[in-house]
Each structure stands twice: as C-alpha cells, then as structure tokens.
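Chemist: What follows is model-v2.cif, made up of mmCIF, C-alpha atoms:
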```cif
data_data
loop_
_atom_site.label_atom_id
_atom_site.label_comp_id
_atom_site.auth_asym_id
_atom_site.auth_seq_id
_atom_site.Cartn_x
_atom_site.Cartn_y
_atom_site.Cartn_z
CA VAL A 1 96.12 95.37 97.87
CA GLN A 2 93.57 92.88 99.15
CA ILE A 3 95.34 89.77 97.90
CA ALA A 4 98.67 90.93 99.31
CA LYS A 5 97.02 91.63 102.67
CA ALA A 6 95.33 88.21 102.64
CA LEU A 7 98.78 86.67 102.10
CA GLY A 8 100.13 88.53 105.15
CA ALA A 9 102.04 91.37 103.48
CA GLU A 10 102.41 94.88 104.79
CA VAL A 11 101.13 96.94 101.86
CA THR A 12 101.85 100.46 100.68
CA GLY A 13 99.55 101.69 97.94
CA VAL A 14 100.62 104.50 95.62
CA CYS A 15 97.76 106.44 94.06
CA SER A 16 96.40 109.90 93.28
CA THR A 17 94.63 112.06 95.85
CA ARG A 18 91.28 110.97 94.41
CA ASN A 19 91.99 107.33 95.30
CA VAL A 20 93.63 107.64 98.72
CA GLU A 21 90.50 106.71 100.68
CA LEU A 22 89.67 103.84 98.30
CA VAL A 23 93.14 102.32 98.67
CA ARG A 24 92.92 102.69 102.46
CA ALA A 25 89.47 101.07 102.42
CA LEU A 26 90.90 98.15 100.43
CA GLY A 27 93.30 97.53 103.32
CA ALA A 28 96.59 99.26 102.51
CA ASP A 29 98.71 99.79 105.62
CA HIS A 30 100.28 102.89 104.10
CA VAL A 31 99.13 105.12 101.27
CA VAL A 32 101.35 107.46 99.27
CA ASP A 33 99.64 110.19 97.24
CA TYR A 34 101.91 110.50 94.21
CA THR A 35 100.70 114.05 93.57
CA GLN A 36 102.24 115.02 96.93
CA GLU A 37 105.19 112.64 97.30
CA ASN A 38 107.44 110.51 95.11
CA PHE A 39 107.86 107.20 96.93
CA THR A 40 111.01 106.44 94.91
CA ARG A 41 112.73 109.39 96.63
CA GLY A 42 111.95 108.25 100.19
CA GLY A 43 113.90 106.18 102.65
CA VAL A 44 111.55 103.18 102.80
CA ARG A 45 112.81 99.99 101.15
CA TYR A 46 110.45 97.46 99.57
CA ASP A 47 110.73 93.71 99.09
CA VAL A 48 108.31 93.66 96.17
CA ILE A 49 107.08 96.40 93.88
CA VAL A 50 104.18 95.62 91.57
CA ASP A 51 104.11 98.24 88.85
CA ASN A 52 100.95 98.41 86.79
CA VAL A 53 101.63 101.78 85.18
CA GLY A 54 105.32 102.20 84.38
CA THR A 55 105.68 105.86 85.29
CA HIS A 56 109.05 105.42 87.03
CA SER A 57 112.34 104.19 85.64
CA VAL A 58 113.80 100.84 86.62
CA SER A 59 116.66 102.66 88.37
CA ASP A 60 114.11 104.62 90.45
CA TYR A 61 112.54 101.36 91.58
CA ARG A 62 115.88 99.69 92.24
CA ARG A 63 116.86 102.57 94.51
CA VAL A 64 113.96 101.79 96.89
CA MET A 65 114.06 98.00 96.69
CA THR A 66 115.77 95.82 99.27
CA PRO A 67 118.92 94.04 98.04
CA LYS A 68 116.90 90.91 97.21
CA GLY A 69 113.85 92.90 96.08
CA VAL A 70 111.63 91.97 93.15
CA LEU A 71 110.05 94.33 90.64
CA VAL A 72 106.95 92.83 89.02
CA VAL A 73 106.18 94.60 85.75
CA VAL A 74 102.49 94.37 84.90
CA GLY A 75 102.04 97.23 82.49
CA SER A 76 103.66 100.27 80.99
CA LEU A 77 102.70 103.54 79.43
CA ASP A 78 105.79 103.24 77.20
CA ASP A 79 104.79 103.18 73.54
CA GLY A 80 108.40 102.56 72.43
CA ALA A 81 108.99 102.66 68.68
CA TYR A 82 109.78 98.97 68.23
CA LEU A 83 108.90 97.01 71.34
CA GLY A 84 106.19 99.19 72.91
CA PRO A 85 105.60 98.21 76.55
CA LEU A 86 108.06 95.32 76.20
CA ALA A 87 110.87 97.89 76.07
CA THR A 88 110.33 98.59 79.77
CA LEU A 89 110.61 94.92 80.62
CA ALA A 90 113.72 94.49 78.43
CA LYS A 91 115.44 97.42 80.19
CA ALA A 92 114.44 96.04 83.57
CA LYS A 93 115.75 92.55 82.79
CA ALA A 94 119.04 94.04 81.60
CA ALA A 95 119.39 95.80 84.97
CA GLU A 96 119.41 92.42 86.74
CA PHE A 97 123.03 91.96 85.65
CA PHE A 98 124.06 94.77 88.01
CA GLY A 99 122.75 93.44 91.31
CA SER A 100 120.79 90.83 93.21
CA GLN A 101 117.40 92.44 92.61
CA ARG A 102 115.07 90.66 90.19
CA VAL A 103 112.58 91.81 87.61
CA GLU A 104 109.68 89.58 86.65
CA PRO A 105 106.89 90.09 84.14
CA PHE A 106 103.36 89.45 85.34
CA LEU A 107 101.81 86.88 83.06
CA SER A 108 98.31 85.82 83.94
CA THR A 109 97.24 82.26 83.33
CA GLY A 110 93.76 81.37 84.45
CA ASN A 111 93.76 78.07 86.24
CA PRO A 112 91.16 76.43 88.46
CA ALA A 113 93.35 76.37 91.58
CA ASP A 114 94.03 80.13 91.49
CA LEU A 115 90.41 80.91 90.73
CA GLY A 116 89.43 78.70 93.67
CA GLU A 117 91.77 80.67 95.95
CA LEU A 118 90.18 83.93 94.79
CA ARG A 119 86.71 82.48 95.37
CA ASP A 120 87.71 81.44 98.88
CA LEU A 121 89.09 84.91 99.65
CA MET A 122 85.83 86.44 98.42
CA GLN A 123 83.74 84.06 100.53
CA GLN A 124 85.86 84.92 103.58
CA GLY A 125 85.28 88.64 102.94
CA LYS A 126 89.00 89.25 102.33
CA LEU A 127 88.51 90.19 98.69
CA ARG A 128 85.81 92.50 97.43
CA SER A 129 85.22 94.27 94.16
CA ALA A 130 85.93 97.98 93.86
CA ILE A 131 83.23 99.12 91.47
CA ASP A 132 83.46 102.65 90.13
CA ARG A 133 80.56 102.61 87.67
CA THR A 134 78.31 100.06 86.05
CA TYR A 135 77.24 99.93 82.41
CA SER A 136 74.72 97.88 80.53
CA PHE A 137 75.91 95.70 77.67
CA ALA A 138 74.45 98.24 75.24
CA GLU A 139 76.75 100.85 76.82
CA ALA A 140 79.92 98.79 76.28
CA ALA A 141 81.45 101.45 74.00
CA GLN A 142 80.97 104.12 76.67
CA ALA A 143 82.45 101.81 79.30
CA ILE A 144 85.57 101.21 77.21
CA ALA A 145 85.87 104.93 76.51
CA TYR A 146 85.70 105.63 80.25
CA VAL A 147 88.43 103.07 81.00
CA GLU A 148 90.59 104.62 78.28
CA THR A 149 90.43 108.01 80.03
CA GLY A 150 92.67 106.54 82.74
CA ARG A 151 90.27 107.79 85.44
CA ALA A 152 88.36 104.56 86.08
CA ARG A 153 88.75 103.25 89.61
CA GLY A 154 89.47 99.58 90.18
CA VAL A 155 91.15 99.22 86.80
CA LEU A 156 94.50 97.52 87.17
CA ARG A 157 96.28 99.90 84.81
CA GLN A 158 95.64 102.77 87.19
CA ARG A 159 97.19 101.22 90.30
CA ARG A 160 100.65 100.72 91.62
CA VAL A 161 100.84 98.47 94.63
CA VAL A 162 103.99 98.34 96.65
CA LEU A 163 104.66 95.66 99.24
CA GLN A 164 106.93 96.72 102.01
CA GLU A 165 109.22 94.74 104.23
CA PRO A 166 107.48 94.08 107.61
#
```
Step by step, read the file and then write its structure as structure tokens.
Modeler:
Amino acid sequence: VQIAKALGAEVTGVCSTRNVELVRALGADHVVDYTQENFTRGGVRYDVIVDNVGTHSVSDYRRVMTPKGVLVVVGSLDDGAYLGPLATLAKAKAAEFFGSQRVEPFLSTGNPADLGELRDLMQQGKLRSAIDRTYSFAEAAQAIAYVETGRARGVLRQRRVVLQEP
C-alpha cells in the first residue's frame, strides 16, 4: 500500500474486518472488507492487481481488470498436486492468450538501487513498518508458528493490494 501510494497510485486494499483500520492507516484510498464484499463482483476496474494470497480465480480477476490491466501473482494458497503454487501462475499465463491483459509473477531480487529507494521512502516517512508482535531470537519457533496461523499482520501472504485506475 505504502509503496504504491509513494509512486502516486490510487490504492484499494482488500483485507478482513480485523485489518481494515490498519490498511487505512497505511494509506489506502479505499478499503474493501472481503468478509462483507467480494471486490471481484463489483463495478470498479483496476489497472493492476497484486495478489499475495490466491483466493480468487484468474477469471475473477480478469473480470475487474481494465483491458490493459496487469495481474501480479505473488503467492497462492494452491497446493496443486504437481506444480503447487506454480499451477496458479501457469493458468494465469495461459489466460493471456485470450485478451490484452497481462499476468506477471513477482520475483524479488535484492539490489542496492531498490534497497536505496526503500531507505529513502523510509527516511521521508512514506514507508513505515507495520509490526504486529515482536519476538526474541529464542522465541523464533513461536514467531514462525504465529505466522503460519495466517493471522499475523504485516505479513505479505495475508494481504491483497489492488491498485485502481485514477
């Protein structure tokens, strides 16, 4: 949310009721509580959808994307028999043959220039950490167990961020 806002995007965050205020506080222009509303059934069209969770089908996303929209696949809950989470990406890439919308995987590569940009955003106060809980190193097992519950705030797997056309 914060990086998209810093880059000038109008941002819609999709989250559970528990996280609505957090996502607003991080700067989202619009917040959709997925326990109350399915954003893929609405009339709003999005230029970019960043999906960290994979709880909707590619066709659901395509329905709410602009004609030149981009779906960025970060993660998936799909444990597919052979490809696991890659099955979602494979299906999404296959869908590109039927329109002008694109699907891109999110592949992180740490490089000094990007890290410098993040540092600058932090120094400018445009990027701040969302810390749910803190653990000591000795509590690392408990920290991992908490993340695995799917309830940890600020964990990328839990968020879907949707950028909307201005």
Chemist: Go through A:Asp47, A:Glu10, A:Asp33, A:Asp132 and flag the residue nearest Gly69 of chain A, using all atoms listed in the file for the distances.
Modeler: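 Using all atoms listed in the file, the shortest distance to Gly69 of chain A belongs to A:Asp47.
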Chemist: Please measure the separation of atom CA of Glu104 of chain A and atom CA of Glu21 of chain A, giving the value in Å to one decimal.
Modeler: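 Between these atoms lies a distance of 29.3 Å.
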Chemist: Here's the selection I'm unsure about, the PyMOL selection byres ((chain A and resi 45) around 7); applied to the file above, which residues does it give, as a list in words?
Modeler: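 So the PyMOL selection byres ((chain A and resi 45) around 7) ends up selecting Gly43, Val44, Tyr46, Asp47, Val64, Met65, Thr66 and Gln164 of chain A.
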Chemist: In Å, how far is it from atom CA of Val50 of chain A to atom CA of Arg128 of chain A?
Modeler: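 Rounded to one decimal, the two atoms are 19.5 Å apart.
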Chemist: From the list A:Ala152, A:Val53, A:Leu127, A:Gly116, which residue is nearest Ala4 of chain A when using only C-alpha atoms?
Modeler: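 Ranked by minimum distance to Ala4 of chain A, first place goes to A:Leu127.
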Chemist: From the set A:Val1, A:Ala6, A:Ala140, A:Val73, which residue has the shortest atom-to-atom contact distance to Gln124 of chain A, counting all atoms listed in the file?
Modeler: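 Under the stated criterion, the closest residue is A:Ala6.
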Chemist: In Å to one decimal, how far is atom CA of Thr55 of chain A from atom CA of Val32 of chain A?
Modeler: 14.7 Å
Chemist: For the file shown, report as an NGL selection string the outcome of the PyMOL selection byres ((chain A and resi 130) around 10) at residue level.
Modeler: :A and (22-23 or 25-26 or 127-129 or 131-133 or 153-155)
Chemist: Within 10 Å of Ile3 of chain A, counting all atoms listed in the file, which residues qualify if same-chain residues fewer than 5 places away don't, as a list of chain:residue names?
Modeler: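 Final neighbour list, sorted by chain and number: A:Gly8, A:Ala9, A:Leu26, A:Gly27, A:Glu117, A:Leu118, A:Leu121, A:Lys126, A:Leu127, A:Arg128.
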Chemist: Identify which of the residues A:Leu7, A:Asp120, A:Thr35, A:Gly54 lies closest to Val20 of chain A, counting only C-alpha atoms when measuring atom-to-atom distances.
Modeler: A:Thr35
Chemist: So which one's closest to Asn52 of chain A, A:Val72, A:Val31, A:Val103, A:Ala113? Using only C-alpha atoms, please.
Modeler: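 Closest candidate: A:Val72.
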Chemist: Between A:Leu71, A:Ala143, A:Val14, A:Ala138, which is the closest to Pro105 of chain A once you count only C-alpha atoms?
Modeler: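 Of A:Leu71, A:Ala143, A:Val14, A:Ala138, the one nearest Pro105 of chain A, counting only C-alpha atoms, is A:Leu71.
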